[in-house]
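First the structure, in the form of structure tokens, and then the observations on it.
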Amino acid sequence: MNLKRVIAGPLLSLVFLSFFIYMIGCIRLAYADPSHNVGAASISGDDSADLVVANDISKNQAAPLQPISPDITALSAISVESNLQGTNRIVFEKNRNLQLPIASLTKLMTAVVVLDNYKLTDTWQVDKVADSQDSMKQDVNLGDKMSVDSFMKVMLIESSNKSAYALSEIIGEKAFVEMMNEKAKQIGLSNTFFDDPTGLSSADVSTVSDLTELAEYILKNYPTIATISSSKQLYVDGFGNVSNTDDLLGVVPGIIFSKTGNTTEAKGCLLLAMNGTGSNDYFIHIVLGADDRFAEMRKLLNIL
């Protein structure tokens, strides 16, 4: 009996030791084999989130090859990099040839015709017809007398309809509008038509493609328009201080050309130009038919 106990004790210990060694080997094998169920369980568990992030990172590395397009809700929009010499790179476009009302972007052509035909030092007075145009927050009034230069500055910065109409009256509103349309033809704006010098008429129409050409033409030939229009605030002789209608001025850096527009028919319109990547390059951004022209413009600026 004692002999059996002596033999059974070591034998039982040997069995337990063998089982222990076997279990250690299985555990090591499990961790060494990536196809083992332990690994599959970790993917289907909390570690799956880390795996998705890792995949996203690898995709993001390829993102520059496929630029993200902004979710533009405006009826039409464009971002173009231009050297003003006929070489353009379209960064973004939406309905670039869709003809739409352009509201006070019309006043850019008004300013071009003024600079082509008037002396800036000549003076003019606001009459009843000019005073009857829709008024802005800061505006000229009946009987105000100023230089052509002052009227043009109030028109471009405050988007004054009264100032625009007063300027057209110097040679007659009808003749002035004819000159606007003739100038559009000379520039090559085939989808642009002007019905008045203010932009209040819904018949003042263009496309973002044409307006890009107009912006290029102004930057190249009439830099004073860009300089005036991008002034956040300015003192105007004979009028006083005037504030720009563009809420992005002073908030978004680098704007060198700006014009806002807004009517019920046209909705929100905005044209901006900024310096481009090269010394003689410019970015031109335009939105037409926007519920929020400034929010839509920010979307365009964010893709640069």
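Within each chain, counting starts at residue 1; across the structure tokens, chains are named A, B, ... in the order shown, with ligands numbered 1 upward in that order.
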Could you name the residues that touch stretch 244-252 of chain A at 9 Å or less, counting only C-alpha atoms, but leaving out those on the same chain fewer than 5 positions away, as a PDB file with C-alpha atoms, in the first residue's frame?
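Output contents, as saved in selection_35.pdb:
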ATOM      1  CA  LEU A 156     -18.455 101.083 -54.938  1.00  0.00           C
ATOM      2  CA  ILE A 157     -17.998 100.923 -51.164  1.00  0.00           C
ATOM      3  CA  GLU A 158     -21.550 101.452 -49.905  1.00  0.00           C
ATOM      4  CA  SER A 159     -23.146 100.162 -53.138  1.00  0.00           C
ATOM      5  CA  SER A 229     -13.881  98.499 -53.605  1.00  0.00           C
ATOM      6  CA  SER A 230     -11.647  96.634 -51.147  1.00  0.00           C
ATOM      7  CA  SER A 231     -11.529  99.516 -48.641  1.00  0.00           C
ATOM      8  CA  LYS A 232     -13.312  98.477 -45.459  1.00  0.00           C
ATOM      9  CA  GLN A 233     -13.805 102.110 -44.488  1.00  0.00           C
ATOM     10  CA  LEU A 234     -12.939 105.329 -46.282  1.00  0.00           C
ATOM     11  CA  SER A 258     -14.559  93.179 -53.651  1.00  0.00           C
ATOM     12  CA  LYS A 259     -18.130  93.872 -54.718  1.00  0.00           C
ATOM     13  CA  THR A 260     -21.391  92.804 -53.150  1.00  0.00           C
ATOM     14  CA  GLY A 261     -24.866  92.575 -54.627  1.00  0.00           C
ATOM     15  CA  LEU A 270     -20.362  88.469 -54.197  1.00  0.00           C
ATOM     16  CA  PHE A 294     -20.700  85.347 -47.284  1.00  0.00           C
ATOM     17  CA  ARG A 298     -16.161  81.066 -47.274  1.00  0.00           C
TER      18      ARG A 298
END
Applying 10 Å and only C-alpha atoms, which residues near A:Leu271 remain after dropping the ones on its own chain fewer than 5 positions away? List them as an mmCIF file with N, CA and C atoms, in the first residue's frame.
data_model
loop_
_atom_site.group_PDB
_atom_site.id
_atom_site.type_symbol
_atom_site.label_atom_id
_atom_site.label_comp_id
_atom_site.auth_asym_id
_atom_site.auth_seq_id
_atom_site.Cartn_x
_atom_site.Cartn_y
_atom_site.Cartn_z
ATOM 1 N N ALA A 77 -21.330 79.448 -59.104
ATOM 2 C CA ALA A 77 -20.119 79.846 -58.385
ATOM 3 C C ALA A 77 -18.890 79.449 -59.185
ATOM 4 N N ILE A 78 -17.795 80.152 -58.899
ATOM 5 C CA ILE A 78 -16.538 79.827 -59.580
ATOM 6 C C ILE A 78 -15.371 80.326 -58.753
ATOM 7 N N LEU A 105 -23.397 93.936 -58.621
ATOM 8 C CA LEU A 105 -22.154 93.691 -59.357
ATOM 9 C C LEU A 105 -22.161 94.488 -60.657
ATOM 10 N N VAL A 208 -21.008 83.686 -64.095
ATOM 11 C CA VAL A 208 -19.763 83.767 -63.330
ATOM 12 C C VAL A 208 -18.557 83.693 -64.259
ATOM 13 N N LEU A 211 -18.225 87.253 -65.580
ATOM 14 C CA LEU A 211 -17.800 88.133 -64.493
ATOM 15 C C LEU A 211 -16.330 87.909 -64.131
ATOM 16 N N THR A 212 -15.856 86.692 -64.341
ATOM 17 C CA THR A 212 -14.424 86.445 -64.156
ATOM 18 C C THR A 212 -13.615 87.256 -65.151
ATOM 19 N N ALA A 215 -13.675 90.869 -64.069
ATOM 20 C CA ALA A 215 -12.762 91.085 -62.948
ATOM 21 C C ALA A 215 -11.316 91.146 -63.426
ATOM 22 N N ASP A 246 -19.206 94.625 -47.689
ATOM 23 C CA ASP A 246 -18.636 93.283 -47.651
ATOM 24 C C ASP A 246 -18.198 92.946 -46.224
ATOM 25 N N PHE A 257 -9.938 93.050 -53.994
ATOM 26 C CA PHE A 257 -10.997 93.479 -54.906
ATOM 27 C C PHE A 257 -12.291 92.869 -54.380
ATOM 28 N N SER A 258 -13.326 93.692 -54.242
ATOM 29 C CA SER A 258 -14.559 93.179 -53.651
ATOM 30 C C SER A 258 -15.767 93.939 -54.167
ATOM 31 N N LYS A 259 -16.856 93.221 -54.411
ATOM 32 C CA LYS A 259 -18.130 93.872 -54.718
ATOM 33 C C LYS A 259 -19.271 92.953 -54.321
ATOM 34 N N THR A 260 -20.208 93.535 -53.583
ATOM 35 C CA THR A 260 -21.391 92.804 -53.150
ATOM 36 C C THR A 260 -22.585 93.151 -54.031
ATOM 37 N N GLY A 261 -23.609 92.307 -53.943
ATOM 38 C CA GLY A 261 -24.866 92.575 -54.627
ATOM 39 C C GLY A 261 -25.979 91.805 -53.953
ATOM 40 N N ILE A 284 -9.762 84.631 -58.288
ATOM 41 C CA ILE A 284 -11.032 85.326 -58.455
ATOM 42 C C ILE A 284 -12.145 84.373 -58.040
ATOM 43 N N HIS A 285 -12.974 84.814 -57.112
ATOM 44 C CA HIS A 285 -14.055 83.984 -56.579
ATOM 45 C C HIS A 285 -15.385 84.730 -56.746
ATOM 46 N N ILE A 286 -16.387 84.020 -57.235
ATOM 47 C CA ILE A 286 -17.692 84.647 -57.474
ATOM 48 C C ILE A 286 -18.803 83.686 -57.079
ATOM 49 N N VAL A 287 -19.813 84.218 -56.394
ATOM 50 C CA VAL A 287 -21.039 83.448 -56.141
ATOM 51 C C VAL A 287 -22.231 84.289 -56.579
ATOM 52 N N LEU A 288 -23.204 83.636 -57.200
ATOM 53 C CA LEU A 288 -24.440 84.280 -57.628
ATOM 54 C C LEU A 288 -25.630 83.457 -57.128
ATOM 55 N N ARG A 293 -24.504 84.892 -49.084
ATOM 56 C CA ARG A 293 -23.363 85.068 -49.989
ATOM 57 C C ARG A 293 -22.022 84.946 -49.269
ATOM 58 N N MET A 297 -19.204 82.113 -49.967
ATOM 59 C CA MET A 297 -17.855 82.527 -50.347
ATOM 60 C C MET A 297 -16.809 81.870 -49.457
#
Which residues in stretch 178-257 of chain A does DSSP call strand (DSSP E)? List them as an mmCIF file with C-alpha atoms, in the first residue's frame.
data_model
loop_
_atom_site.group_PDB
_atom_site.id
_atom_site.type_symbol
_atom_site.label_atom_id
_atom_site.label_comp_id
_atom_site.auth_asym_id
_atom_site.auth_seq_id
_atom_site.Cartn_x
_atom_site.Cartn_y
_atom_site.Cartn_z
ATOM 1 C CA VAL A 205 -27.642 89.656 -66.095
ATOM 2 C CA SER A 206 -24.361 87.813 -66.513
ATOM 3 C CA GLN A 233 -13.805 102.110 -44.488
ATOM 4 C CA LEU A 234 -12.939 105.329 -46.282
ATOM 5 C CA TYR A 235 -13.366 109.040 -45.853
ATOM 6 C CA VAL A 236 -14.996 110.508 -48.961
ATOM 7 C CA GLY A 240 -17.818 111.697 -44.887
ATOM 8 C CA ASN A 241 -16.922 108.219 -43.665
ATOM 9 C CA VAL A 242 -18.362 105.275 -45.563
ATOM 10 C CA SER A 243 -18.303 101.558 -44.616
ATOM 11 C CA ILE A 255 -8.797 90.651 -50.291
ATOM 12 C CA ILE A 256 -7.742 93.140 -52.965
ATOM 13 C CA PHE A 257 -10.997 93.479 -54.906
#
Write out as a list in words all residues of stretch 63-154 of chain A that backbone DSSP assigns to alpha helix (DSSP H).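 Output for stretch 63-154 of chain A, alpha helix (DSSP H) only: Thr106, Lys107, Leu108, Met109, Thr110, Ala111, Val112, Val113, Val114, Leu115, Asp116, Asn117, Lys128, Val129, Ala130, Asp131, Val148, Asp149, Ser150, Phe151, Met152, Lys153 and Val154 of chain A.
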Any idea what's packed within 12 Å of stretch 176-189 of chain A, counting only C-alpha atoms, ignoring anything in its chain fewer than 5 positions away? Could you give it as an NGL selection string? :A and (97 or 99 or 106-118 or 164-171 or 194-199 or 204-218 or 221)
Give the answer as one residue: which of A:Ser82, A:Ser202, A:Ser76, A:Ser160 has the shortest atom-to-atom distance to A:Asn95, using only C-alpha atoms? A:Ser76
